[in-house]
$ cat input01.csv   # CSV, C-alpha atoms
chain,number,residue,atom,x,y,z
A,1,MET,CA,57.3,183.8,192.9
A,2,LEU,CA,59.7,186.7,192.7
A,3,GLY,CA,60.0,187.7,196.4
A,4,ASP,CA,57.7,189.9,198.5
A,5,GLU,CA,56.4,191.9,195.6
A,6,LEU,CA,53.1,191.0,193.9
A,7,PHE,CA,53.0,190.6,190.2
A,8,ASP,CA,50.4,190.3,187.5
A,9,MET,CA,50.2,186.6,186.7
A,10,VAL,CA,48.1,187.4,183.6
A,11,GLY,CA,51.4,188.7,182.1
A,12,VAL,CA,53.1,185.4,183.0
A,13,VAL,CA,50.3,183.4,181.3
A,14,SER,CA,50.2,185.6,178.2
A,15,ALA,CA,54.0,185.4,177.8
A,16,ALA,CA,53.8,181.6,178.4
A,17,ARG,CA,51.2,181.1,175.7
A,18,ALA,CA,53.3,183.2,173.3
A,19,GLY,CA,56.2,180.9,174.0
A,20,GLY,CA,54.1,177.8,173.5
A,21,LEU,CA,54.3,176.6,177.1
A,22,ALA,CA,51.6,174.0,177.9
A,23,ALA,CA,51.6,174.9,181.6
A,24,ALA,CA,49.6,178.1,180.7
A,25,GLU,CA,46.8,175.8,179.5
A,26,ILE,CA,46.3,174.3,183.0
A,27,PRO,CA,43.2,175.9,184.5
A,28,SER,CA,44.2,176.1,188.1
A,29,VAL,CA,47.1,175.5,190.5
A,30,ALA,CA,45.5,172.4,191.8
A,31,ALA,CA,45.2,171.0,188.3
A,32,LEU,CA,48.8,171.9,187.6
A,33,ILE,CA,49.9,170.0,190.7
A,34,ASP,CA,47.8,167.0,189.6
A,35,ALA,CA,49.6,167.1,186.2
A,36,TRP,CA,53.0,167.8,187.6
A,37,GLU,CA,54.7,164.8,186.1
A,38,THR,CA,53.8,165.9,182.6
A,39,GLN,CA,53.7,169.7,183.1
A,40,GLY,CA,56.6,170.2,185.5
A,41,GLY,CA,59.1,170.6,182.8
A,42,GLN,CA,57.1,173.3,181.1
A,43,LEU,CA,56.7,175.2,184.4
A,44,ARG,CA,60.4,175.0,185.0
A,45,ALA,CA,61.0,176.7,181.6
A,46,LEU,CA,58.5,179.3,182.6
A,47,ALA,CA,60.2,179.9,185.9
A,48,GLU,CA,63.6,180.3,184.2
A,49,ALA,CA,62.1,182.8,181.8
A,50,ALA,CA,60.3,184.8,184.5
A,51,GLN,CA,63.1,187.3,185.3
A,52,GLY,CA,63.5,188.2,181.6
A,53,MET,CA,59.7,188.5,181.2
A,54,ARG,CA,59.6,190.9,184.1
A,55,ALA,CA,62.4,193.0,182.6
A,56,ALA,CA,60.6,193.1,179.3
A,57,GLY,CA,57.4,194.3,181.0
A,58,ALA,CA,55.4,191.1,180.5
A,59,ILE,CA,54.9,190.9,184.3
A,60,ARG,CA,53.5,194.0,185.9
A,61,PRO,CA,53.1,194.9,189.6
A,62,LEU,CA,49.5,194.3,190.7
A,63,ALA,CA,47.3,197.3,191.2
A,64,ALA,CA,46.2,198.4,194.7
A,65,GLY,CA,43.1,196.6,196.0
A,66,TYR,CA,44.0,193.1,195.0
A,67,THR,CA,42.9,190.1,197.1
A,68,LEU,CA,44.8,186.9,197.1
A,69,ALA,CA,43.1,183.5,197.6
A,70,VAL,CA,44.9,180.5,198.9
A,71,PRO,CA,47.2,179.0,196.2
A,72,PHE,CA,45.2,175.8,196.4
A,73,VAL,CA,43.6,173.6,199.1
A,74,PRO,CA,45.9,170.7,200.0
A,75,GLY,CA,44.5,167.2,199.8
A,76,ARG,CA,46.0,166.3,203.1
A,77,ILE,CA,48.1,168.3,205.6
A,78,PHE,CA,50.9,166.4,207.4
A,79,ALA,CA,52.7,168.3,210.1
A,80,THR,CA,55.9,167.4,211.9
A,81,ALA,CA,56.0,168.1,215.6
A,82,SER,CA,59.1,169.3,217.6
A,83,ASN,CA,61.3,169.2,214.6
A,84,TYR,CA,63.7,172.0,215.6
A,85,TYR,CA,66.1,171.5,218.5
A,86,ASP,CA,65.7,175.0,219.8
A,87,HIS,CA,61.9,174.8,219.6
A,88,ALA,CA,61.8,171.5,221.5
A,89,ALA,CA,64.0,173.0,224.2
A,90,GLU,CA,61.8,176.1,224.6
A,91,MET,CA,58.7,173.8,224.9
A,92,GLY,CA,60.4,171.5,227.5
A,93,THR,CA,60.2,168.5,225.1
A,94,GLU,CA,62.5,165.7,226.0
A,95,LEU,CA,63.8,164.1,222.8
A,96,ALA,CA,65.3,160.7,222.3
A,97,PRO,CA,68.7,160.7,220.5
A,98,ARG,CA,68.2,161.4,216.8
A,99,ALA,CA,69.8,158.1,215.9
A,100,GLU,CA,67.1,156.3,217.9
A,101,SER,CA,64.2,158.4,216.6
A,102,SER,CA,62.2,159.3,213.5
A,103,PRO,CA,59.9,162.2,212.6
A,104,TYR,CA,56.8,162.6,214.7
A,105,CYS,CA,53.9,163.5,212.3
A,106,PHE,CA,50.3,164.3,212.8
A,107,MET,CA,47.5,165.5,210.5
A,108,LYS,CA,45.8,168.8,210.4
A,109,ALA,CA,42.4,169.4,208.7
A,110,GLU,CA,42.6,170.9,205.2
A,111,THR,CA,39.5,173.0,206.2
A,112,SER,CA,41.8,175.0,208.5
A,113,VAL,CA,43.5,176.6,205.4
A,114,THR,CA,42.9,180.3,204.9
A,115,ALA,CA,44.5,183.0,202.7
A,116,THR,CA,46.7,185.9,203.5
A,117,GLY,CA,44.7,188.9,204.4
A,118,THR,CA,42.0,186.9,206.1
A,119,ASP,CA,41.1,186.7,209.8
A,120,VAL,CA,42.2,183.9,212.2
A,121,VAL,CA,39.2,183.2,214.4
A,122,MET,CA,40.0,182.7,218.1
A,123,PRO,CA,37.7,180.0,219.6
A,124,GLY,CA,35.9,181.1,222.8
A,125,ASP,CA,37.3,178.1,224.7
A,126,THR,CA,41.0,178.9,224.3
A,127,GLU,CA,43.2,181.3,226.2
A,128,LYS,CA,46.5,180.2,224.7
A,129,LEU,CA,46.4,180.8,221.0
A,130,ASP,CA,49.8,180.6,219.4
A,131,TRP,CA,51.7,181.0,216.1
A,132,GLU,CA,54.2,178.8,214.2
A,133,VAL,CA,55.8,179.8,211.0
A,134,GLU,CA,56.7,176.7,208.9
A,135,LEU,CA,58.1,176.0,205.5
A,136,ALA,CA,55.5,173.9,203.7
A,137,VAL,CA,56.4,171.4,201.0
A,138,VAL,CA,53.8,170.5,198.3
A,139,ILE,CA,54.0,167.0,196.8
A,140,GLY,CA,53.8,166.8,193.0
A,141,ARG,CA,54.0,163.1,192.3
A,142,THR,CA,52.3,159.9,193.5
A,143,CYS,CA,55.0,158.1,195.4
A,144,LYS,CA,55.7,155.4,198.0
A,145,ASP,CA,58.8,154.3,199.8
A,146,VAL,CA,60.9,157.3,198.5
A,147,PRO,CA,64.6,157.1,199.3
A,148,VAL,CA,66.0,160.1,201.0
A,149,ALA,CA,68.3,160.7,198.0
A,150,GLN,CA,65.3,160.9,195.6
A,151,ALA,CA,62.9,162.8,197.8
A,152,TYR,CA,63.3,166.2,196.1
A,153,ASP,CA,62.2,164.6,192.8
A,154,VAL,CA,58.6,164.3,194.2
A,155,ILE,CA,58.3,168.0,195.4
A,156,ALA,CA,56.2,170.4,193.3
A,157,GLY,CA,57.0,173.5,195.3
A,158,TYR,CA,57.1,175.4,198.5
A,159,THR,CA,54.8,177.8,200.4
A,160,VAL,CA,54.5,179.6,203.7
A,161,PHE,CA,52.4,178.1,206.4
A,162,ASN,CA,51.4,179.4,209.9
A,163,ASP,CA,50.4,176.5,212.1
A,164,ILE,CA,48.0,178.2,214.5
A,165,SER,CA,47.7,176.3,217.7
A,166,ALA,CA,45.3,176.4,220.7
A,167,ARG,CA,47.9,175.2,223.2
A,168,ASP,CA,45.3,174.6,226.0
A,169,LEU,CA,43.2,172.5,223.6
A,170,ASN,CA,46.2,170.4,222.5
A,171,ARG,CA,46.0,168.5,225.8
A,172,ARG,CA,43.2,166.2,227.1
A,173,SER,CA,42.4,165.1,230.7
A,174,ASP,CA,39.4,163.0,229.9
A,175,TYR,CA,41.4,160.3,228.1
A,176,PRO,CA,44.6,158.5,228.9
A,177,PHE,CA,45.9,159.9,225.6
A,178,LYS,CA,47.2,163.3,226.8
A,179,HIS,CA,48.0,165.0,223.5
A,180,ASP,CA,45.3,166.0,220.9
A,181,TRP,CA,47.1,168.0,218.3
A,182,PHE,CA,44.4,167.4,215.8
A,183,ARG,CA,41.8,169.3,218.0
A,184,GLY,CA,44.2,172.1,219.0
A,185,LYS,CA,45.3,172.8,215.5
A,186,SER,CA,42.4,172.0,213.2
A,187,PHE,CA,39.9,174.8,213.8
A,188,ASP,CA,38.7,176.7,210.7
A,189,THR,CA,41.2,179.5,209.9
A,190,PHE,CA,44.0,177.8,211.9
A,191,GLY,CA,46.1,177.3,208.7
A,192,PRO,CA,47.1,180.6,207.0
A,193,MET,CA,48.9,179.7,203.8
A,194,GLY,CA,50.4,181.4,200.8
A,195,PRO,CA,50.9,183.8,199.3
A,196,TRP,CA,51.6,181.5,196.4
A,197,ILE,CA,53.6,178.3,195.6
A,198,VAL,CA,57.2,178.7,194.5
A,199,PRO,CA,58.2,175.8,192.1
A,200,ARG,CA,60.9,173.5,193.5
A,201,ASP,CA,63.4,174.4,190.9
A,202,CYS,CA,63.3,178.1,191.8
A,203,ILE,CA,64.9,177.4,195.2
A,204,ALA,CA,68.2,175.6,195.1
A,205,ASP,CA,68.5,174.8,198.8
A,206,PRO,CA,65.3,175.2,200.9
A,207,GLN,CA,67.1,174.2,204.1
A,208,LYS,CA,68.9,177.5,204.0
A,209,LEU,CA,65.8,179.6,203.8
A,210,ARG,CA,65.3,182.2,206.5
A,211,MET,CA,61.9,182.1,208.3
A,212,GLN,CA,60.5,184.9,210.4
A,213,LEU,CA,57.2,185.6,212.2
A,214,GLN,CA,56.2,189.0,213.6
A,215,VAL,CA,53.3,189.9,215.9
A,216,ASN,CA,52.2,193.5,215.8
A,217,GLY,CA,55.6,194.4,214.2
A,218,ASP,CA,57.7,192.6,216.8
A,219,VAL,CA,59.9,189.8,215.6
A,220,MET,CA,59.1,186.6,217.5
A,221,GLN,CA,60.6,183.9,215.3
A,222,ASP,CA,63.8,184.3,213.2
A,223,ASP,CA,65.8,181.3,212.1
A,224,THR,CA,66.7,179.2,209.0
A,225,ALA,CA,65.4,175.8,208.0
A,226,GLU,CA,68.8,174.4,208.7
A,227,GLY,CA,67.7,174.1,212.4
A,228,MET,CA,65.5,171.1,211.5
A,229,ILE,CA,66.1,167.8,213.3
A,230,PHE,CA,64.8,165.8,210.4
A,231,ASN,CA,65.3,167.6,207.1
A,232,ILE,CA,62.8,167.8,204.2
A,233,ALA,CA,64.0,164.7,202.4
A,234,GLU,CA,64.0,162.6,205.6
A,235,GLN,CA,60.4,163.7,206.3
A,236,ILE,CA,59.3,162.7,202.8
A,237,ALA,CA,61.0,159.4,203.1
A,238,TYR,CA,59.4,158.7,206.5
A,239,LEU,CA,55.9,159.6,205.4
A,240,SER,CA,56.1,157.7,202.1
A,241,GLY,CA,57.3,154.7,204.0
A,242,ILE,CA,53.9,154.6,205.8
A,243,LEU,CA,51.5,155.6,203.1
A,244,THR,CA,51.3,156.7,199.4
A,245,LEU,CA,51.8,160.4,199.0
A,246,LYS,CA,49.7,162.1,196.3
A,247,PRO,CA,50.0,165.3,194.3
A,248,GLY,CA,48.5,168.1,196.4
A,249,ASP,CA,49.5,166.6,199.7
A,250,MET,CA,51.4,169.2,201.9
A,251,ILE,CA,54.0,168.7,204.6
A,252,ALA,CA,54.4,171.5,207.3
A,253,THR,CA,58.0,170.7,208.2
A,254,GLY,CA,58.2,172.2,211.7
A,255,THR,CA,58.7,175.5,213.4
A,256,PRO,CA,61.8,177.2,215.0
A,257,ASP,CA,61.8,178.6,218.5
A,258,GLY,CA,60.1,181.8,219.4
A,259,VAL,CA,56.5,180.6,219.7
A,260,GLY,CA,54.2,182.2,222.2
A,261,MET,CA,54.2,179.3,224.6
A,262,GLY,CA,57.9,179.4,224.9
A,263,ARG,CA,57.7,183.1,225.6
A,264,GLY,CA,54.7,182.9,228.0
A,265,VAL,CA,52.6,185.2,225.7
A,266,TYR,CA,49.7,184.4,223.5
A,267,LEU,CA,47.6,185.9,220.7
A,268,LYS,CA,44.5,188.0,221.5
A,269,PRO,CA,41.9,189.6,219.2
A,270,GLY,CA,43.3,192.5,217.3
A,271,ASP,CA,46.9,191.1,217.0
A,272,GLU,CA,48.3,190.9,213.5
A,273,MET,CA,50.8,188.2,212.5
A,274,VAL,CA,53.1,188.3,209.5
A,275,ALA,CA,54.8,185.0,208.6
A,276,SER,CA,57.6,185.3,206.0
A,277,ILE,CA,60.1,182.9,204.3
A,278,GLU,CA,62.9,184.1,202.2
A,279,ARG,CA,62.4,183.7,198.4
A,280,ILE,CA,58.8,182.8,198.9
A,281,GLY,CA,57.0,185.8,200.5
A,282,SER,CA,54.8,186.8,203.4
A,283,ILE,CA,51.3,186.2,204.7
A,284,ARG,CA,49.5,188.6,207.0
A,285,ASN,CA,46.6,187.6,209.2
A,286,LYS,CA,44.7,189.3,212.0
A,287,VAL,CA,43.2,187.5,215.0
A,288,VAL,CA,39.5,188.1,215.8
A,289,ALA,CA,37.2,186.7,218.5
A,290,ALA,CA,34.7,184.1,217.5
A,291,ALA,CA,31.2,185.3,217.1
A,292,ARG,CA,29.0,184.6,220.1
$ encode --input "input01.csv" --output "structure tokens"
Amino acid sequence: MLGDELFDMVGVVSAARAGGLAAAEIPSVAALIDAWETQGGQLRALAEAAQGMRAAGAIRPLAAGYTLAVPFVPGRIFATASNYYDHAAEMGTELAPRAESSPYCFMKAETSVTATGTDVVMPGDTEKLDWEVELAVVIGRTCKDVPVAQAYDVIAGYTVFNDISARDLNRRSDYPFKHDWFRGKSFDTFGPMGPWIVPRDCIADPQKLRMQLQVNGDVMQDDTAEGMIFNIAEQIAYLSGILTLKPGDMIATGTPDGVGMGRGVYLKPGDEMVASIERIGSIRNKVVAAAR
């Protein structure tokens, strides 16, 4: 929660218990998100105290050899397509005027989620594997028909998401429906996520966060979330106008320009991606070939 460094969360929990914070009694991140309406205030107090706890030695750097799991497995993953003007332009996407449009959302399988430090498995039937760094929003409250002005009230926190895409499997020629984003984006390991969830109140303006993705050390994507066509609040309002959002749902809010398809280059086995978002952290994943 405190940047790119990794800290001993045992220290956070110990200090929280000493301070009587009920959030420390929640057994998992998933359970905390489920109880966000009642526990969110306690977590806010813990987040506000975190810097002082670190200075006092209550939070220690993690020892070498740690392994991070995914923060939690989302209940549902909603993803917003072509939601940055520059990305739409690099992909050759012709957009309607914003005033005549609304977010274009699809769903990605929750079984695609994988942790930082794990491998992204490249299917044998794709030659166009691609990256997309995205700011992901975690919902913390059951909600329906949320007004834009109240959308931030239903957010639990934020995390980094890499929407891996098999571009050549995103299209179909055997049906009149030409796009199949679910297939091209839902393979196992196609959703690197983490390294943790940063509570909403720790980030004053998520739209100003800088996002970056590197492949083998070369910067491919570098922009801020201000480039979105439909901002975070508008996406929440749109989705909640269709269905009831639930705690643990996640929205991948779109990617800036600099993806492989726009550059004419694609991932191959052995490539390493690092997806980073300011004030959240970085996730690192290597591409491997599928076993035959």
$ closest_residue --input "input01.csv" --among "A:Asn231, A:Gln42, A:Gln214, A:Ser165" --to "Met261 in chain A" --atoms "only C-alpha atoms"
A:Ser165
$ atom_distance --input "input01.csv" --atom1 "CA of Pro269 in chain A" --atom2 "CA of Val288 in chain A"
4.4 Å
$ atom_distance --input "input01.csv" --atom1 "CA of Lys178 in chain A" --atom2 "CA of Val133 in chain A"
24.4 Å
$ atom_distance --input "input01.csv" --atom1 "CA of Ile164 in chain A" --atom2 "CA of Gly184 in chain A"
8.5 Å
$ residues_around --input "input01.csv" --residues "Gly258 in chain A" --least-positions-apart "2" --cutoff "9 Å" --atoms "all atoms listed in the file" --output "PyMOL selection string"
chain A and resi 86-87+90+132+213+219-222+255-256+260-263
